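With CSV, C-alpha atoms inside, this is work_1.csv:
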chain,number,residue,atom,x,y,z
C,1,MET,CA,29.1,-3.9,7.9
C,2,ARG,CA,29.2,-7.6,8.8
C,3,ILE,CA,25.9,-9.0,9.9
C,4,ASP,CA,25.6,-12.1,12.2
C,5,THR,CA,22.3,-12.2,14.1
C,6,VAL,CA,19.1,-14.1,14.5
C,7,CYS,CA,15.8,-12.9,13.1
C,8,ASP,CA,12.4,-14.3,12.3
C,9,LEU,CA,11.3,-15.2,8.8
C,10,ALA,CA,8.4,-12.6,8.7
C,11,SER,CA,10.9,-9.8,9.4
C,12,PHE,CA,13.3,-10.9,6.7
C,13,ARG,CA,10.3,-11.2,4.3
C,14,ARG,CA,9.3,-7.6,5.1
C,15,PHE,CA,12.9,-6.5,4.5
C,16,MET,CA,12.9,-8.1,1.0
C,17,ILE,CA,9.6,-6.4,0.1
C,18,VAL,CA,10.7,-3.0,1.5
C,19,SER,CA,14.0,-3.2,-0.4
C,20,THR,CA,12.7,-4.3,-3.7
C,21,CYS,CA,9.0,-4.2,-4.5
C,22,ASP,CA,7.1,-2.2,-1.8
C,23,SER,CA,5.6,0.2,-4.4
C,24,PHE,CA,4.2,-2.4,-6.7
C,25,ILE,CA,3.6,-5.7,-4.8
C,26,PRO,CA,-0.1,-6.6,-5.1
C,27,ASP,CA,-2.1,-6.3,-1.8
C,28,GLU,CA,-3.1,-10.0,-1.9
C,29,PHE,CA,0.6,-10.9,-1.9
C,30,VAL,CA,1.5,-8.6,1.0
C,31,GLY,CA,-1.2,-10.3,3.1
C,32,ASP,CA,0.0,-13.8,2.3
C,33,ASP,CA,3.0,-14.7,4.5
C,34,ASN,CA,3.9,-17.5,2.1
C,35,VAL,CA,4.5,-15.3,-0.9
C,36,PHE,CA,8.1,-14.1,-1.4
C,37,PRO,CA,9.7,-12.0,-4.0
C,38,GLU,CA,12.5,-13.6,-6.1
C,39,ARG,CA,14.8,-12.1,-8.7
C,40,ALA,CA,17.3,-13.4,-11.2
C,41,SER,CA,21.0,-13.3,-10.5
C,42,ASP,CA,21.8,-10.7,-13.2
C,43,GLN,CA,19.5,-8.2,-11.3
C,44,GLY,CA,20.9,-9.0,-7.8
C,45,THR,CA,19.9,-12.5,-6.6
C,46,MET,CA,16.9,-13.0,-4.4
C,47,TYR,CA,16.3,-16.8,-4.1
C,48,VAL,CA,14.2,-18.7,-1.6
C,49,GLU,CA,15.1,-22.3,-1.0
C,50,ALA,CA,12.0,-24.2,0.0
C,51,GLU,CA,10.5,-27.7,-0.1
C,52,ASP,CA,7.7,-26.5,-2.3
C,53,LYS,CA,7.5,-23.5,-4.6
C,54,GLU,CA,4.8,-22.2,-6.9
C,55,SER,CA,5.4,-19.2,-9.3
C,56,LEU,CA,2.5,-16.8,-9.1
C,57,GLU,CA,3.2,-13.7,-11.1
C,58,GLN,CA,6.1,-11.7,-12.7
C,59,ILE,CA,6.0,-7.9,-12.2
C,60,ARG,CA,9.0,-6.0,-13.6
C,61,ASP,CA,12.1,-7.9,-12.5
C,62,ILE,CA,10.4,-9.6,-9.5
C,63,LYS,CA,8.8,-13.0,-9.6
C,64,PHE,CA,6.3,-13.6,-6.8
C,65,THR,CA,6.5,-17.2,-5.5
C,66,ARG,CA,4.3,-19.0,-2.9
C,67,VAL,CA,6.6,-21.2,-0.8
C,68,THR,CA,6.3,-23.7,2.0
C,69,ASN,CA,8.9,-25.0,4.5
C,70,ILE,CA,11.6,-22.5,3.8
C,71,LEU,CA,15.2,-23.7,4.4
C,72,GLY,CA,17.1,-20.6,3.4
C,73,ILE,CA,17.1,-17.3,1.5
C,74,ILE,CA,19.9,-15.7,-0.5
C,75,TYR,CA,19.7,-11.9,-1.0
C,76,ASN,CA,22.2,-9.9,-3.0
C,77,SER,CA,21.5,-6.3,-3.8
C,78,LYS,CA,21.6,-4.9,-7.3
C,79,SER,CA,24.5,-2.6,-6.3
C,80,GLY,CA,26.5,-5.6,-5.2
C,81,ARG,CA,27.3,-4.0,-1.8
C,82,THR,CA,25.0,-6.4,0.1
C,83,HIS,CA,25.3,-10.2,0.3
C,84,LEU,CA,23.0,-11.8,2.9
C,85,LYS,CA,21.9,-15.4,3.7
C,86,TRP,CA,19.1,-16.4,6.0
C,87,ARG,CA,19.2,-20.0,7.2
C,88,HIS,CA,16.3,-21.6,9.0
C,89,PHE,CA,17.2,-23.3,12.3
C,90,LYS,CA,14.1,-23.5,14.6
C,91,GLY,CA,10.4,-22.6,14.2
C,92,ASN,CA,10.3,-19.3,12.2
C,93,LEU,CA,13.8,-18.3,13.4
C,94,GLY,CA,16.9,-18.2,11.2
C,95,ARG,CA,20.5,-17.0,11.3
C,96,LEU,CA,21.1,-13.9,9.2
C,97,THR,CA,24.7,-13.5,8.0
C,98,GLY,CA,26.6,-11.6,5.4
C,99,GLU,CA,27.7,-8.1,4.4
C,100,ALA,CA,25.2,-5.2,4.4
C,101,SER,CA,25.4,-1.7,3.0
C,102,THR,CA,24.2,1.3,5.0
C,103,ASN,CA,20.9,1.4,3.1
C,104,THR,CA,20.4,-2.3,3.7
C,105,ARG,CA,21.0,-1.9,7.5
C,106,VAL,CA,18.3,0.8,7.6
C,107,ASN,CA,15.9,-1.4,5.7
C,108,LEU,CA,16.7,-4.4,7.9
C,109,SER,CA,16.1,-2.3,11.0
C,110,THR,CA,12.8,-0.8,9.6
C,111,ALA,CA,11.5,-4.3,8.8
C,112,GLY,CA,12.4,-5.5,12.3
C,113,ALA,CA,15.0,-8.0,11.1
C,114,LEU,CA,17.8,-6.1,12.8
C,115,LYS,CA,17.5,-4.5,16.2
C,116,HIS,CA,18.2,-0.8,16.4
C,117,GLU,CA,20.7,-1.5,19.2
C,118,TYR,CA,22.6,-3.9,16.9
C,119,VAL,CA,22.9,-1.1,14.2
C,120,ARG,CA,24.0,1.5,16.8
C,121,THR,CA,26.6,-0.8,18.5
C,122,TYR,CA,28.2,-2.2,15.3
C,123,GLY,CA,27.9,1.1,13.5
C,124,LYS,CA,29.9,2.8,16.2
C,125,GLN,CA,32.5,0.0,16.1
C,126,GLU,CA,32.7,0.5,12.3
C,127,GLU,CA,33.2,4.3,12.7
C,128,GLU,CA,35.9,3.7,15.3
C,129,GLU,CA,37.8,1.3,13.0
C,130,THR,CA,37.6,3.6,10.0
C,131,PRO,CA,40.3,6.2,11.1
C,132,GLU,CA,42.8,3.4,11.8
C,133,GLN,CA,42.2,2.0,8.4
C,134,ILE,CA,42.8,5.4,6.8
C,135,GLU,CA,46.2,5.8,8.7
C,136,GLN,CA,47.4,2.4,7.3
Please re-express this file's structure in structure tokens.
Amino acid sequence: MRIDTVCDLASFRRFMIVSTCDSFIPDEFVGDDNVFPERASDQGTMYVEAEDKESLEQIRDIKFTRVTNILGIIYNSKSGRTHLKWRHFKGNLGRLTGEASTNTRVNLSTAGALKHEYVRTYGKQEEEETPEQIEQ
């Protein structure tokens, strides 16, 4: 499903954590809104573009980084079915665009980055389009 919406940085950070490292992120990192998970491209890219970055700790395939003044975030799932970009535009708000798998849409919604109404509305449109695509 194509995503094009506005969400706040904290919600997208929660999505990244829920999707990748919720079971092992240290408590002190969860409580610090400036700490973000990052991951190498061979594992599904998670990259935070920021004015200042400080690597804190590597756990499994996740590197925890303290950042300030975030400009954008790239998130690609390990499966390759999700490709998202969050671009800062005002305050803590940013535009979230890209392609999201069903699992990613659930995680975005759970984290508050995607409104439930958005998922229901666009999910129905996607279901309605599917039979036409099968007939072609």
> Contacts of Gly94 of chain C at 8 Å or less, counting all atoms listed in the file, minus same-chain residues fewer than 6 places along, as a list in words?
Replying inline: Val6, Cys7, Asp8, Leu9, Trp86, Arg87 and His88 of chain C
> Neighbours of Leu114 of chain C within 12 Å (only C-alpha atoms; same-chain residues fewer than 6 positions away dropped), as a PyMOL selection string?
Replying inline: chain C and resi 3-9+11-12+14-15+95-97+100+104-108+120-122
Please produce a file of those selected residues containing C-alpha atoms, as a PDB file, keeping the file's coordinate frame.
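Done, and the output landed in selection38.pdb:
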ATOM      1  CA  ILE C   3      25.900  -9.000   9.900  1.00  0.00           C
ATOM      2  CA  ASP C   4      25.600 -12.100  12.200  1.00  0.00           C
ATOM      3  CA  THR C   5      22.300 -12.200  14.100  1.00  0.00           C
ATOM      4  CA  VAL C   6      19.100 -14.100  14.500  1.00  0.00           C
ATOM      5  CA  CYS C   7      15.800 -12.900  13.100  1.00  0.00           C
ATOM      6  CA  ASP C   8      12.400 -14.300  12.300  1.00  0.00           C
ATOM      7  CA  LEU C   9      11.300 -15.200   8.800  1.00  0.00           C
ATOM      8  CA  SER C  11      10.900  -9.800   9.400  1.00  0.00           C
ATOM      9  CA  PHE C  12      13.300 -10.900   6.700  1.00  0.00           C
ATOM     10  CA  ARG C  14       9.300  -7.600   5.100  1.00  0.00           C
ATOM     11  CA  PHE C  15      12.900  -6.500   4.500  1.00  0.00           C
ATOM     12  CA  ARG C  95      20.500 -17.000  11.300  1.00  0.00           C
ATOM     13  CA  LEU C  96      21.100 -13.900   9.200  1.00  0.00           C
ATOM     14  CA  THR C  97      24.700 -13.500   8.000  1.00  0.00           C
ATOM     15  CA  ALA C 100      25.200  -5.200   4.400  1.00  0.00           C
ATOM     16  CA  THR C 104      20.400  -2.300   3.700  1.00  0.00           C
ATOM     17  CA  ARG C 105      21.000  -1.900   7.500  1.00  0.00           C
ATOM     18  CA  VAL C 106      18.300   0.800   7.600  1.00  0.00           C
ATOM     19  CA  ASN C 107      15.900  -1.400   5.700  1.00  0.00           C
ATOM     20  CA  LEU C 108      16.700  -4.400   7.900  1.00  0.00           C
ATOM     21  CA  ARG C 120      24.000   1.500  16.800  1.00  0.00           C
ATOM     22  CA  THR C 121      26.600  -0.800  18.500  1.00  0.00           C
ATOM     23  CA  TYR C 122      28.200  -2.200  15.300  1.00  0.00           C
TER      24      TYR C 122
END
> Thr68 of chain C: which residues within 12 Å, counting all atoms listed in the file, same-chain residues fewer than 4 positions away excluded, as a list in words?
Replying inline: Leu9, Asp32, Asp33, Asn34, Val35, Phe36, Val48, Glu49, Ala50, Glu51, Asp52, Lys53, Glu54, Gly72 and Asn92 of chain C
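For the pair atom CA of Ser41 of chain C and atom CA of Glu99 of chain C, the separation is 17.1 Å.
The two atoms in question, atom CA of Val67 of chain C and atom CA of Glu38 of chain C, are spaced 11.0 Å apart.
Interatomic distance, atom CA of Met1 of chain C to atom CA of Ile25 of chain C: 28.5 Å.
Each of C:Ser19, C:Ser55, C:Ala113, C:Arg60 was compared to Asn76 of chain C using only C-alpha atoms, and C:Ser19 turns out to be the nearest.
Closest approach to Cys21 of chain C from the set C:Thr45, C:Arg2, C:Ser77, C:Asp61 is made by C:Asp61, with distances taken over all atoms listed in the file.
Take the candidates C:Ala10, C:Val18, C:Ser109, C:Asp42 and check each one against Gly80 of chain C using all atoms listed in the file; the shortest distance goes to C:Asp42.
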Protein/DNA/RNA residues near (12.9, -13.0, -11.7), cut 10 Å, all atoms listed in the file, as a PDB file with C-alpha atoms, in the coordinates of the input:
ATOM      1  CA  PRO C  37       9.700 -12.000  -4.000  1.00  0.00           C
ATOM      2  CA  GLU C  38      12.500 -13.600  -6.100  1.00  0.00           C
ATOM      3  CA  ARG C  39      14.800 -12.100  -8.700  1.00  0.00           C
ATOM      4  CA  ALA C  40      17.300 -13.400 -11.200  1.00  0.00           C
ATOM      5  CA  SER C  41      21.000 -13.300 -10.500  1.00  0.00           C
ATOM      6  CA  ASP C  42      21.800 -10.700 -13.200  1.00  0.00           C
ATOM      7  CA  GLN C  43      19.500  -8.200 -11.300  1.00  0.00           C
ATOM      8  CA  GLY C  44      20.900  -9.000  -7.800  1.00  0.00           C
ATOM      9  CA  THR C  45      19.900 -12.500  -6.600  1.00  0.00           C
ATOM     10  CA  MET C  46      16.900 -13.000  -4.400  1.00  0.00           C
ATOM     11  CA  TYR C  47      16.300 -16.800  -4.100  1.00  0.00           C
ATOM     12  CA  GLU C  57       3.200 -13.700 -11.100  1.00  0.00           C
ATOM     13  CA  GLN C  58       6.100 -11.700 -12.700  1.00  0.00           C
ATOM     14  CA  ILE C  59       6.000  -7.900 -12.200  1.00  0.00           C
ATOM     15  CA  ARG C  60       9.000  -6.000 -13.600  1.00  0.00           C
ATOM     16  CA  ASP C  61      12.100  -7.900 -12.500  1.00  0.00           C
ATOM     17  CA  ILE C  62      10.400  -9.600  -9.500  1.00  0.00           C
ATOM     18  CA  LYS C  63       8.800 -13.000  -9.600  1.00  0.00           C
ATOM     19  CA  PHE C  64       6.300 -13.600  -6.800  1.00  0.00           C
ATOM     20  CA  THR C  65       6.500 -17.200  -5.500  1.00  0.00           C
TER      21      THR C  65
END
